[in-house]
$ cat model29.pdb   # PDB, C-alpha atoms
ATOM      1  CA  MET Q   1     102.242 117.423  -3.445
ATOM      2  CA  ASP Q   2     103.992 120.521  -2.172
ATOM      3  CA  GLN Q   3     107.124 119.788  -0.083
ATOM      4  CA  GLU Q   4     106.009 122.093   2.717
ATOM      5  CA  LEU Q   5     102.668 120.297   2.922
ATOM      6  CA  LYS Q   6     104.423 116.903   2.982
ATOM      7  CA  LYS Q   7     106.669 118.057   5.825
ATOM      8  CA  GLY Q   8     103.693 119.390   7.752
ATOM      9  CA  LEU Q   9     101.815 116.104   7.369
ATOM     10  CA  ARG Q  10     104.881 114.081   8.323
ATOM     11  CA  ASP Q  11     105.376 116.209  11.462
ATOM     12  CA  ALA Q  12     101.696 115.861  12.383
ATOM     13  CA  VAL Q  13     101.915 112.077  12.078
ATOM     14  CA  ARG Q  14     105.050 112.002  14.242
ATOM     15  CA  ARG Q  15     103.367 114.101  16.930
ATOM     16  CA  ALA Q  16     100.363 111.766  16.841
ATOM     17  CA  GLU Q  17     102.623 108.703  17.163
ATOM     18  CA  ILE Q  18     104.406 110.211  20.152
ATOM     19  CA  GLY Q  19     101.088 111.187  21.735
ATOM     20  CA  LEU Q  20      99.802 107.639  21.322
ATOM     21  CA  ALA Q  21     103.007 106.230  22.803
ATOM     22  CA  LYS Q  22     102.737 108.630  25.777
ATOM     23  CA  SER Q  23      99.173 107.509  26.404
ATOM     24  CA  ALA Q  24     100.194 103.854  26.263
ATOM     25  CA  LEU Q  25     103.110 104.455  28.634
ATOM     26  CA  ARG Q  26     100.921 106.367  31.119
ATOM     27  CA  TRP Q  27      98.406 103.524  31.026
ATOM     28  CA  LYS Q  28     101.201 101.001  31.622
ATOM     29  CA  TYR Q  29     102.553 102.916  34.627
ATOM     30  CA  ARG Q  30      99.093 103.274  36.148
ATOM     31  CA  LYS Q  31      98.341  99.598  35.568
ATOM     32  CA  GLU Q  32     101.611  98.614  37.263
ATOM     33  CA  GLU Q  33     100.761 101.056  40.063
ATOM     34  CA  GLY Q  34     104.260 102.467  39.868
ATOM     35  CA  PRO Q  35     105.300 106.086  39.955
ATOM     36  CA  GLU Q  36     104.809 107.882  36.661
ATOM     37  CA  PRO Q  37     108.013 109.417  35.305
ATOM     38  CA  THR Q  38     108.432 113.152  34.888
ATOM     39  CA  GLU Q  39     107.076 114.718  31.705
ATOM     40  CA  PRO Q  40     110.531 115.061  30.068
ATOM     41  CA  GLU Q  41     111.333 111.410  30.842
ATOM     42  CA  LEU Q  42     107.930 110.282  29.582
ATOM     43  CA  ALA Q  43     108.476 112.291  26.385
ATOM     44  CA  ARG Q  44     111.883 110.652  25.902
ATOM     45  CA  GLN Q  45     110.434 107.189  26.394
ATOM     46  CA  ALA Q  46     107.498 107.916  24.071
ATOM     47  CA  ASP Q  47     109.862 109.170  21.366
ATOM     48  CA  HIS Q  48     111.911 105.972  21.696
ATOM     49  CA  VAL Q  49     108.821 103.762  21.464
ATOM     50  CA  ALA Q  50     107.482 105.698  18.458
ATOM     51  CA  ARG Q  51     110.839 105.449  16.641
ATOM     52  CA  GLN Q  52     111.021 101.717  17.320
ATOM     53  CA  ALA Q  53     107.446 101.288  16.068
ATOM     54  CA  ARG Q  54     108.225 103.137  12.819
ATOM     55  CA  LEU Q  55     111.327 101.004  12.305
ATOM     56  CA  ILE Q  56     109.445  97.771  12.898
ATOM     57  CA  VAL Q  57     106.558  98.808  10.661
ATOM     58  CA  SER Q  58     108.899  99.775   7.840
ATOM     59  CA  ARG Q  59     110.882  96.527   8.140
ATOM     60  CA  ARG Q  60     108.041  94.103   8.545
ATOM     61  CA  GLY Q  61     105.126  95.835   6.874
ATOM     62  CA  LYS Q  62     102.822  95.280   9.855
ATOM     63  CA  ASN Q  63     100.117  97.702  10.773
ATOM     64  CA  ALA Q  64     101.029 100.559  13.108
ATOM     65  CA  TRP Q  65      99.338  99.206  16.229
ATOM     66  CA  GLU Q  66     101.074  95.832  16.022
ATOM     67  CA  GLY Q  67     104.353  97.647  15.426
ATOM     68  CA  LEU Q  68     103.833  99.832  18.480
ATOM     69  CA  LYS Q  69     103.169  96.805  20.682
ATOM     70  CA  GLN Q  70     106.295  95.057  19.350
ATOM     71  CA  ALA Q  71     108.428  98.170  19.926
ATOM     72  CA  TYR Q  72     107.229  98.319  23.523
ATOM     73  CA  ARG Q  73     108.118  94.656  24.088
ATOM     74  CA  GLU Q  74     111.565  95.146  22.552
ATOM     75  CA  SER Q  75     112.259  98.251  24.629
ATOM     76  CA  ARG Q  76     111.302  96.323  27.788
ATOM     77  CA  ARG Q  77     113.661  93.470  26.839
ATOM     78  CA  THR Q  78     116.654  95.718  26.178
ATOM     79  CA  GLY Q  79     115.972  97.972  29.149
ATOM     80  CA  LYS Q  80     115.718 101.074  26.975
ATOM     81  CA  GLY Q  81     112.773 103.197  27.900
ATOM     82  CA  ASP Q  82     112.556 101.763  31.406
ATOM     83  CA  ARG Q  83     112.494 104.064  34.372
ATOM     84  CA  ASP Q  84     115.691 104.287  36.373
TER      85      ASP Q  84
END
$ encode --input "model29.pdb" --output "structure tokens"
Amino acid sequence: MDQELKKGLRDAVRRAEIGLAKSALRWKYRKEEGPEPTEPELARQADHVARQARLIVSRRGKNAWEGLKQAYRESRRTGKGDRD
């Protein structure tokens, strides 16, 4: 496969992961009835969650959804990704 095509696919998957994480975070904030963070803060949190999910999936071989849920739980425990 062409390197440029691989990079394009990899970038598309990363954008999709971040979009999914943003949706999950928005849902969480609405469910908790708390104020939703600003778009830049939400993007930062979503990037963190998506990176944690990729790390967990690569280490443990779990499917992506289970990895995303675990990354969220870990970020809540360590305080990273929480609103200030």
$ atom_distance --input "model29.pdb" --atom1 "atom CA of Leu25 of chain Q" --atom2 "atom CA of Pro37 of chain Q"
9.7 Å
$ atom_distance --input "model29.pdb" --atom1 "atom CA of Glu36 of chain Q" --atom2 "atom CA of Arg14 of chain Q"
22.8 Å
$ atom_distance --input "model29.pdb" --atom1 "atom CA of Glu74 of chain Q" --atom2 "atom CA of Leu9 of chain Q"
27.7 Å
$ closest_residue --input "model29.pdb" --among "Q:Pro40, Q:Ala21, Q:Glu33, Q:Leu55" --to "Tyr72 of chain Q" --atoms "all atoms listed in the file"
Q:Ala21
$ resolve_selection --input "model29.pdb" --expression "the PyMOL selection byres ((chain Q and resi 24) around 12)" --output "list in words"
Glu17, Ile18, Gly19, Leu20, Ala21, Lys22, Ser23, Leu25, Arg26, Trp27, Lys28, Tyr29, Arg30, Lys31, Leu42, Ala43, Gln45, Ala46, Val49, Ala50, Trp65, Leu68, Lys69, Ala71 and Tyr72 of chain Q
$ write_last_selection --input "model29.pdb" --atoms "C-alpha atoms" --output "mmCIF file, in the frame of the given file"
data_model
loop_
_atom_site.group_PDB
_atom_site.id
_atom_site.type_symbol
_atom_site.label_atom_id
_atom_site.label_comp_id
_atom_site.auth_asym_id
_atom_site.auth_seq_id
_atom_site.Cartn_x
_atom_site.Cartn_y
_atom_site.Cartn_z
ATOM 1 C CA GLU Q 17 102.623 108.703 17.163
ATOM 2 C CA ILE Q 18 104.406 110.211 20.152
ATOM 3 C CA GLY Q 19 101.088 111.187 21.735
ATOM 4 C CA LEU Q 20 99.802 107.639 21.322
ATOM 5 C CA ALA Q 21 103.007 106.230 22.803
ATOM 6 C CA LYS Q 22 102.737 108.630 25.777
ATOM 7 C CA SER Q 23 99.173 107.509 26.404
ATOM 8 C CA LEU Q 25 103.110 104.455 28.634
ATOM 9 C CA ARG Q 26 100.921 106.367 31.119
ATOM 10 C CA TRP Q 27 98.406 103.524 31.026
ATOM 11 C CA LYS Q 28 101.201 101.001 31.622
ATOM 12 C CA TYR Q 29 102.553 102.916 34.627
ATOM 13 C CA ARG Q 30 99.093 103.274 36.148
ATOM 14 C CA LYS Q 31 98.341 99.598 35.568
ATOM 15 C CA LEU Q 42 107.930 110.282 29.582
ATOM 16 C CA ALA Q 43 108.476 112.291 26.385
ATOM 17 C CA GLN Q 45 110.434 107.189 26.394
ATOM 18 C CA ALA Q 46 107.498 107.916 24.071
ATOM 19 C CA VAL Q 49 108.821 103.762 21.464
ATOM 20 C CA ALA Q 50 107.482 105.698 18.458
ATOM 21 C CA TRP Q 65 99.338 99.206 16.229
ATOM 22 C CA LEU Q 68 103.833 99.832 18.480
ATOM 23 C CA LYS Q 69 103.169 96.805 20.682
ATOM 24 C CA ALA Q 71 108.428 98.170 19.926
ATOM 25 C CA TYR Q 72 107.229 98.319 23.523
#
$ closest_residue --input "model29.pdb" --among "Q:Glu39, Q:Lys7, Q:Ala12, Q:Gln52" --to "Arg76 of chain Q" --atoms "all atoms listed in the file"
Q:Gln52
$ closest_residue --input "model29.pdb" --among "Q:Arg60, Q:Arg15, Q:Arg77, Q:Pro35" --to "Asp47 of chain Q" --atoms "all atoms listed in the file"
Q:Arg15
